[in-house]
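Undergrad: Please find target.txt (compact mmCIF, C-alpha atoms) on the next line:
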```txt
# COMPACT_ATOMS: atom_id res chain seq x y z
CA MET A 1 56.86 30.65 14.82
CA LYS A 2 56.50 27.14 13.41
CA ALA A 3 52.99 26.88 14.88
CA HIS A 4 52.03 30.18 13.26
CA LYS A 5 53.33 29.01 9.89
CA SER A 6 51.41 25.74 10.24
CA LYS A 7 48.15 27.56 10.98
CA THR A 8 48.74 29.86 8.02
CA LEU A 9 49.37 26.87 5.77
CA ILE A 10 46.18 25.14 6.97
CA VAL A 11 44.07 28.26 6.37
CA TYR A 12 45.64 28.70 2.94
CA SER A 13 44.91 25.06 2.10
CA PHE A 14 41.24 25.44 3.05
CA LEU A 15 40.94 28.60 0.96
CA LEU A 16 42.57 26.86 -1.99
CA LEU A 17 40.21 23.89 -1.62
CA PHE A 18 37.18 26.18 -1.42
CA CYS A 19 38.20 28.10 -4.52
CA SER A 20 39.04 24.97 -6.48
CA CYS A 21 35.65 23.45 -5.63
CA GLY A 22 34.00 26.53 -7.04
CA LEU A 23 35.72 25.91 -10.36
CA PHE A 24 33.70 22.72 -10.80
CA ILE A 25 30.31 24.37 -10.17
CA ASP A 26 28.75 26.01 -13.18
CA LYS A 27 28.01 29.71 -12.74
CA ASP A 28 24.34 29.06 -13.65
CA CYS A 29 23.99 26.95 -10.52
CA PHE A 30 24.18 30.02 -8.33
CA ASP A 31 21.10 31.53 -9.97
CA SER A 32 18.70 28.75 -9.02
CA ASN A 33 18.92 25.08 -8.17
CA GLU A 34 15.15 24.64 -8.32
CA TYR A 35 13.16 23.77 -11.42
CA LYS A 36 9.47 23.77 -12.25
CA PHE A 37 8.34 21.48 -15.06
CA TYR A 38 4.88 20.99 -16.57
CA LEU A 39 4.08 17.54 -17.96
CA PRO A 40 1.54 17.41 -20.83
CA PHE A 41 -1.32 14.88 -20.81
CA THR A 42 -4.27 14.27 -23.10
CA LEU A 43 -7.64 13.06 -21.83
CA SER A 44 -10.04 11.90 -24.53
CA PRO A 45 -12.70 12.13 -25.65
CA ALA A 46 -12.77 15.69 -24.32
CA GLN A 47 -16.40 15.96 -23.24
CA ASP A 48 -18.29 16.78 -20.06
CA THR A 49 -20.58 13.72 -19.95
CA PHE A 50 -19.81 10.02 -20.15
CA HIS A 51 -21.98 6.95 -19.79
CA ILE A 52 -21.38 3.99 -17.51
CA ASN A 53 -18.90 1.58 -19.17
CA ASP A 54 -17.61 4.23 -21.59
CA THR A 55 -13.85 4.30 -22.16
CA ILE A 56 -11.88 7.39 -21.13
CA ARG A 57 -8.29 7.49 -22.37
CA LEU A 58 -5.37 9.23 -20.68
CA ARG A 59 -2.04 9.52 -22.47
CA ALA A 60 1.32 11.24 -22.07
CA ASP A 61 4.11 11.16 -24.64
CA PHE A 62 6.76 13.84 -24.18
CA SER A 63 10.47 14.45 -24.72
CA HIS A 64 12.99 14.35 -21.89
CA GLU A 65 13.91 17.91 -22.90
CA LEU A 66 11.69 19.68 -20.35
CA PHE A 67 11.08 23.42 -20.20
CA ASP A 68 11.70 25.01 -16.81
CA SER A 69 9.23 27.81 -16.13
CA ILE A 70 11.62 29.42 -13.60
CA THR A 71 14.80 29.77 -15.67
CA LEU A 72 12.93 29.68 -19.03
CA LYS A 73 15.42 27.10 -20.29
CA TYR A 74 15.21 23.51 -21.48
CA TYR A 75 16.92 20.78 -19.45
CA LYS A 76 17.56 17.17 -20.32
CA VAL A 77 15.81 15.10 -17.65
CA GLU A 78 16.89 11.56 -18.46
CA ASN A 79 15.02 8.56 -17.07
CA GLU A 80 13.96 10.17 -13.79
CA PRO A 81 11.05 8.53 -11.91
CA LEU A 82 9.04 11.81 -12.05
CA MET A 83 7.15 10.82 -8.92
CA CYS A 84 3.56 11.77 -9.62
CA TYR A 85 0.09 10.32 -9.31
CA PHE A 86 -3.54 10.77 -10.33
CA TYR A 87 -6.79 10.59 -8.36
CA PHE A 88 -10.58 10.85 -8.60
CA PHE A 89 -12.85 12.85 -6.28
CA ARG A 90 -16.61 12.72 -6.42
CA ILE A 91 -17.71 16.36 -6.18
CA ASP A 92 -21.52 16.15 -6.21
CA THR A 93 -21.60 15.03 -2.56
CA THR A 94 -20.30 16.47 0.68
CA PRO A 95 -17.80 15.79 2.09
CA THR A 96 -15.93 14.97 -1.11
CA PRO A 97 -14.75 11.34 -1.04
CA HIS A 98 -11.85 9.75 -2.92
CA TYR A 99 -13.01 7.07 -5.33
CA THR A 100 -11.25 4.01 -6.62
CA ASN A 101 -13.80 1.24 -7.07
CA GLN A 102 -16.06 3.35 -9.29
CA PHE A 103 -13.50 3.14 -12.10
CA SER A 104 -11.66 0.26 -13.70
CA ILE A 105 -8.14 1.14 -14.80
CA GLU A 106 -6.51 -0.67 -17.72
CA VAL A 107 -2.85 0.09 -18.38
CA ASP A 108 -1.64 0.21 -21.98
CA THR A 109 1.86 1.68 -21.56
CA GLY A 110 3.88 2.05 -18.38
CA ASN A 111 2.41 0.97 -15.07
CA VAL A 112 0.23 2.12 -12.18
CA ILE A 113 1.10 1.51 -8.52
CA ILE A 114 -1.73 1.74 -6.03
CA SER A 115 -1.06 3.74 -2.88
CA PRO A 116 -1.01 1.51 0.23
CA ASP A 117 -3.08 4.14 2.05
CA PRO A 118 -6.77 3.50 1.28
CA GLU A 119 -7.68 6.98 2.56
CA THR A 120 -5.77 8.73 -0.23
CA ALA A 121 -6.71 6.44 -3.14
CA LEU A 122 -3.73 7.68 -5.17
CA ARG A 123 -2.51 5.95 -8.32
CA TYR A 124 1.23 6.45 -8.86
CA ILE A 125 2.41 6.70 -12.47
CA VAL A 126 5.32 4.64 -13.77
CA TYR A 127 6.41 6.00 -17.14
CA GLU A 128 7.99 3.95 -19.88
CA TYR A 129 11.22 5.69 -20.86
CA ASP A 130 12.53 4.82 -24.29
CA LYS A 131 14.64 6.70 -26.83
CA SER A 132 14.55 10.00 -24.95
CA ARG A 133 10.76 10.00 -24.43
CA TYR A 134 8.44 9.40 -21.49
CA VAL A 135 5.26 7.51 -22.38
CA PHE A 136 2.25 6.55 -20.27
CA SER A 137 -1.20 5.41 -21.38
CA VAL A 138 -4.23 4.08 -19.50
CA LYS A 139 -7.98 3.65 -19.93
CA PHE A 140 -10.59 4.49 -17.28
CA ILE A 141 -14.00 2.80 -17.33
CA PRO A 142 -16.66 4.35 -15.05
CA HIS A 143 -19.11 2.03 -13.29
CA GLN A 144 -21.34 4.40 -11.29
CA ARG A 145 -23.10 7.69 -11.82
CA GLY A 146 -21.81 10.93 -10.36
CA VAL A 147 -19.82 14.10 -11.00
CA PHE A 148 -16.08 13.61 -10.71
CA LEU A 149 -12.88 15.61 -10.48
CA PHE A 150 -9.85 13.94 -12.04
CA GLY A 151 -6.46 15.43 -11.23
CA PHE A 152 -2.74 14.93 -10.77
CA GLY A 153 -0.28 15.53 -7.97
CA SER A 154 3.42 14.99 -7.38
CA GLU A 155 5.97 14.65 -4.62
CA PRO A 156 7.26 18.18 -3.87
CA GLN A 157 10.89 19.20 -4.36
CA GLN A 158 12.19 15.95 -5.78
CA HIS A 159 15.97 15.62 -5.50
CA VAL A 160 17.65 15.30 -8.89
CA ASN A 161 21.13 15.54 -10.37
CA PHE A 162 20.45 15.70 -14.08
CA GLN A 163 22.92 18.53 -14.75
CA LYS A 164 25.74 16.62 -12.99
CA LYS A 165 27.27 19.91 -11.86
CA CYS A 166 24.81 21.67 -9.54
CA PRO A 167 24.58 20.48 -5.92
CA GLY A 168 21.17 20.40 -4.25
CA GLU A 169 19.01 20.36 -7.38
CA LEU A 170 15.26 20.16 -6.71
CA MET A 171 12.35 19.91 -9.13
CA ASP A 172 8.62 20.45 -8.77
CA ILE A 173 6.25 18.88 -11.27
CA TYR A 174 2.94 20.31 -12.46
CA PHE A 175 0.62 19.25 -15.24
CA THR A 176 -1.39 20.39 -18.23
CA THR A 177 -4.31 18.41 -19.62
CA ASN A 178 -5.54 18.98 -23.17
CA ASP A 179 -3.21 21.98 -23.58
CA GLY A 180 -4.70 23.76 -20.58
CA VAL A 181 -8.19 24.36 -21.95
CA ASP A 182 -11.16 24.91 -19.62
CA ASN A 183 -11.63 21.18 -18.85
CA ASN A 184 -15.13 21.81 -17.46
CA PHE A 185 -13.97 23.94 -14.55
CA TYR A 186 -17.54 25.27 -14.18
CA MET A 187 -18.54 22.00 -12.49
CA MET A 188 -16.41 22.94 -9.47
CA ALA A 189 -18.74 25.88 -8.77
CA GLN A 190 -21.76 23.54 -8.91
CA SER A 191 -20.40 21.24 -6.19
CA PRO A 192 -22.20 21.30 -2.80
CA ASP A 193 -18.75 21.08 -1.17
CA SER A 194 -17.46 24.59 -0.38
CA SER A 195 -13.84 23.40 -0.54
CA MET A 196 -14.38 22.53 -4.21
CA ASN A 197 -15.99 25.94 -4.87
CA ALA A 198 -12.92 27.64 -3.39
CA VAL A 199 -10.39 26.04 -5.76
CA PRO A 200 -9.01 28.80 -8.05
CA GLN A 201 -8.77 28.12 -11.75
CA HIS A 202 -4.97 28.47 -11.82
CA GLY A 203 -4.73 25.75 -9.15
CA PHE A 204 -7.19 23.61 -11.11
CA ASN A 205 -5.13 24.08 -14.27
CA ARG A 206 -1.67 23.38 -12.86
CA SER A 207 -2.85 20.10 -11.34
CA GLY A 208 -4.05 19.07 -14.81
CA SER A 209 -7.60 18.72 -13.51
CA TYR A 210 -10.63 17.69 -15.52
CA CYS A 211 -14.30 17.51 -14.43
CA PHE A 212 -16.94 15.25 -15.92
CA ARG A 213 -20.24 13.60 -15.08
CA VAL A 214 -21.19 9.97 -15.52
CA VAL A 215 -24.78 9.04 -16.39
CA GLU A 216 -26.57 5.76 -17.14
```
Please rewrite the model in this file as structure tokens.
TA:
Amino acid sequence: MKAHKSKTLIVYSFLLLFCSCGLFIDKDCFDSNEYKFYLPFTLSPAQDTFHINDTIRLRADFSHELFDSITLKYYKVENEPLMCYFYFFRIDTTPTPHYTNQFSIEVDTGNVIISPDPETALRYIVYEYDKSRYVFSVKFIPHQRGVFLFGFGSEPQQHVNFQKKCPGELMDIYFTTNDGVDNNFYMMAQSPDSSMNAVPQHGFNRSGSYCFRVVE
């Protein structure tokens, strides 16, 4: 009889613990613990042709109140690393190579960390976070002719805890460049590389891509 009472007490204790834990989890957490944020960038001047040694400016300056396109709500994302990067592909050759030495990169605000893998040629973005805003600004200077694809990427399903109440929060980051205008998407169709031709415009847009040519 004592053993039966002990087992009953243990089961009751576990049920009580389970229920009490639920009291500390916000009801919204059960709807979705995944978030999808778009980060806005501006590339200027917004043109399709640059000359060697021209200056191309890239800038981001946005609030930490980010809009989630899944829940359609704003969330305060404070001082997260937002692990993302940018890259250049040359798209008038086949296969399409990554390019790093054809552009000089001068950092104005924030920092750029070069990927240790020379095959990927990724440039990781370090934002400056100050007074509830993320800021990043660099200049690109082209040194050789060609047609190039500039774009962004990010680490998928980044673990976050910015709500402080929802276990297992994950965020995915996408991008908009120049408010999502065309950004010379037509150049993708002109590439001799079939993999570039196959990129859909919605994929081009959500990676914040921009095409341009460099001439003498």
Undergrad: Within 10 Å of (4.0, 13.0, -23.8) in the file's own coordinates, which protein, DNA or RNA residues have an atom, counting all atoms listed in the file? List them as a ChimeraX atom specification.
TA: /A:39-42,59-64,127,133-137
Undergrad: Could the residues in this selection be saved with C-alpha atoms as a CSV table (one decimal), in the frame of the given file?
TA:
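Result saved to result.csv:
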```csv
chain,number,residue,atom,x,y,z
A,39,LEU,CA,4.1,17.5,-18.0
A,40,PRO,CA,1.5,17.4,-20.8
A,41,PHE,CA,-1.3,14.9,-20.8
A,42,THR,CA,-4.3,14.3,-23.1
A,59,ARG,CA,-2.0,9.5,-22.5
A,60,ALA,CA,1.3,11.2,-22.1
A,61,ASP,CA,4.1,11.2,-24.6
A,62,PHE,CA,6.8,13.8,-24.2
A,63,SER,CA,10.5,14.4,-24.7
A,64,HIS,CA,13.0,14.4,-21.9
A,127,TYR,CA,6.4,6.0,-17.1
A,133,ARG,CA,10.8,10.0,-24.4
A,134,TYR,CA,8.4,9.4,-21.5
A,135,VAL,CA,5.3,7.5,-22.4
A,136,PHE,CA,2.2,6.6,-20.3
A,137,SER,CA,-1.2,5.4,-21.4
```
Undergrad: One decimal, Å: what's the distance from CA of Gln190 (chain A) over to CA of Ala121 (chain A), could you say?
TA: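 For CA of Gln190 (chain A) relative to CA of Ala121 (chain A), the distance reads 23.5 Å.
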Undergrad: What is the distance between CA of Gly203 (chain A) and CA of Lys36 (chain A), in Å to one decimal?
TA: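 If I compute the distance from CA of Gly203 (chain A) to CA of Lys36 (chain A), I get 14.7 Å.
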Undergrad: Counting only C-alpha atoms, figure out which residue out of A:Asn33, A:Ser115, A:Ser195, A:Thr177 gets nearest to Arg57 (chain A).
TA: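 Ranked by minimum distance to Arg57 (chain A), first place goes to A:Thr177.
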Undergrad: Quote the spacing between CA of Ser154 (chain A) and CA of Thr71 (chain A) in Å to one decimal place.
TA: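 So the answer is 20.4 Å.
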Undergrad: Quick one: of A:Thr49, A:Ser194, A:Ser104, A:Ser132, who's nearest to Leu66 (chain A), counting only C-alpha atoms?
TA: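 Under the stated criterion, the closest residue is A:Ser132.
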Undergrad: Please provide the set of residues having any atom within 10 Å of Cys84 (chain A), restricted to only C-alpha atoms, with same-chain residues fewer than 3 positions apart removed, written as a list of chain:residue names.
TA: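 Once the adjacent positions are removed, what remains is A:Pro81, A:Leu122, A:Arg123, A:Tyr124, A:Ile125, A:Val126, A:Tyr127, A:Phe152, A:Gly153, A:Ser154, A:Glu155, A:Pro156, A:Ile173, A:Tyr174, A:Phe175.
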Undergrad: Between A:Asn178, A:Asn79, A:Asn101, A:Ser191, which one has atoms that come closest to Leu58 (chain A), using only C-alpha atoms?
TA: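 Under the stated criterion, the closest residue is A:Asn178.
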Undergrad: Find the residue from A:Ser69, A:Gln102, A:Asn205, A:Thr93 that sits nearest to Ile52 (chain A); use all atoms listed in the file when measuring.
TA: A:Gln102
Undergrad: Assuming 8 Å of padding per side, give the centre and edge lengths of the axis-aligned box around every listed atom of region 105-108 of chain A, in Å to one decimal and as lines of an AutoDock Vina configuration file.
TA:
```
center_x = -4.9
center_y = 0.2
center_z = -18.4
size_x = 22.5
size_y = 17.8
size_z = 23.2
```
Undergrad: Here is a test: counting all atoms listed in the file, which residue of A:Val160, A:Ala189, A:Ile56, A:Val147 is nearest to Val215 (chain A)?
TA: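 Among A:Val160, A:Ala189, A:Ile56, A:Val147, it is A:Val147 that comes nearest to Val215 (chain A).
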Undergrad: Which one is closest to Gly151 (chain A): A:Cys211, A:Leu82, A:Ala46, A:Leu72? Count all atoms listed in the file.
TA: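 Among the listed residues, the smallest separation from Gly151 (chain A) belongs to A:Cys211.
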Undergrad: Applying 10 Å and only C-alpha atoms, which residues near Asn184 (chain A) remain after dropping the ones on its own chain fewer than 2 positions away? List them as JSON, numbers by chain.
TA: {"A": [46, 47, 48, 149, 181, 182, 186, 187, 188, 209, 210, 211, 212, 213]}
Undergrad: Show me, as an MDAnalysis selection string, the residues that have an atom within 7 Å of Glu169 (chain A) when counting all atoms listed in the file, minus same-chain residues fewer than 2 positions from it.
TA: chainID A and resid 33:34 159:161 166:167 171
Undergrad: Please identify all polymer residues within 6 Å of Thr176 (chain A), counting only C-alpha atoms, omitting same-chain residues fewer than 2 positions from it, and present them as a ChimeraX atom specification.
TA: /A:40,179-180,208
Undergrad: With all atoms listed in the file as the counted atoms, please give the residues lying no more than 10 Å from Phe103 (chain A), apart from itself and same-chain residues fewer than 5 positions off, as a PDB file with C-alpha atoms, keeping the file's coordinate frame.
TA:
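That gives us around.pdb:
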```
ATOM      1  CA  ILE A  52     -21.380   3.990 -17.510  1.00  0.00           C
ATOM      2  CA  ASN A  53     -18.900   1.580 -19.170  1.00  0.00           C
ATOM      3  CA  PHE A  88     -10.580  10.850  -8.600  1.00  0.00           C
ATOM      4  CA  LYS A 139      -7.980   3.650 -19.930  1.00  0.00           C
ATOM      5  CA  PHE A 140     -10.590   4.490 -17.280  1.00  0.00           C
ATOM      6  CA  ILE A 141     -14.000   2.800 -17.330  1.00  0.00           C
ATOM      7  CA  PRO A 142     -16.660   4.350 -15.050  1.00  0.00           C
ATOM      8  CA  HIS A 143     -19.110   2.030 -13.290  1.00  0.00           C
ATOM      9  CA  GLN A 144     -21.340   4.400 -11.290  1.00  0.00           C
TER      10      GLN A 144
END
```
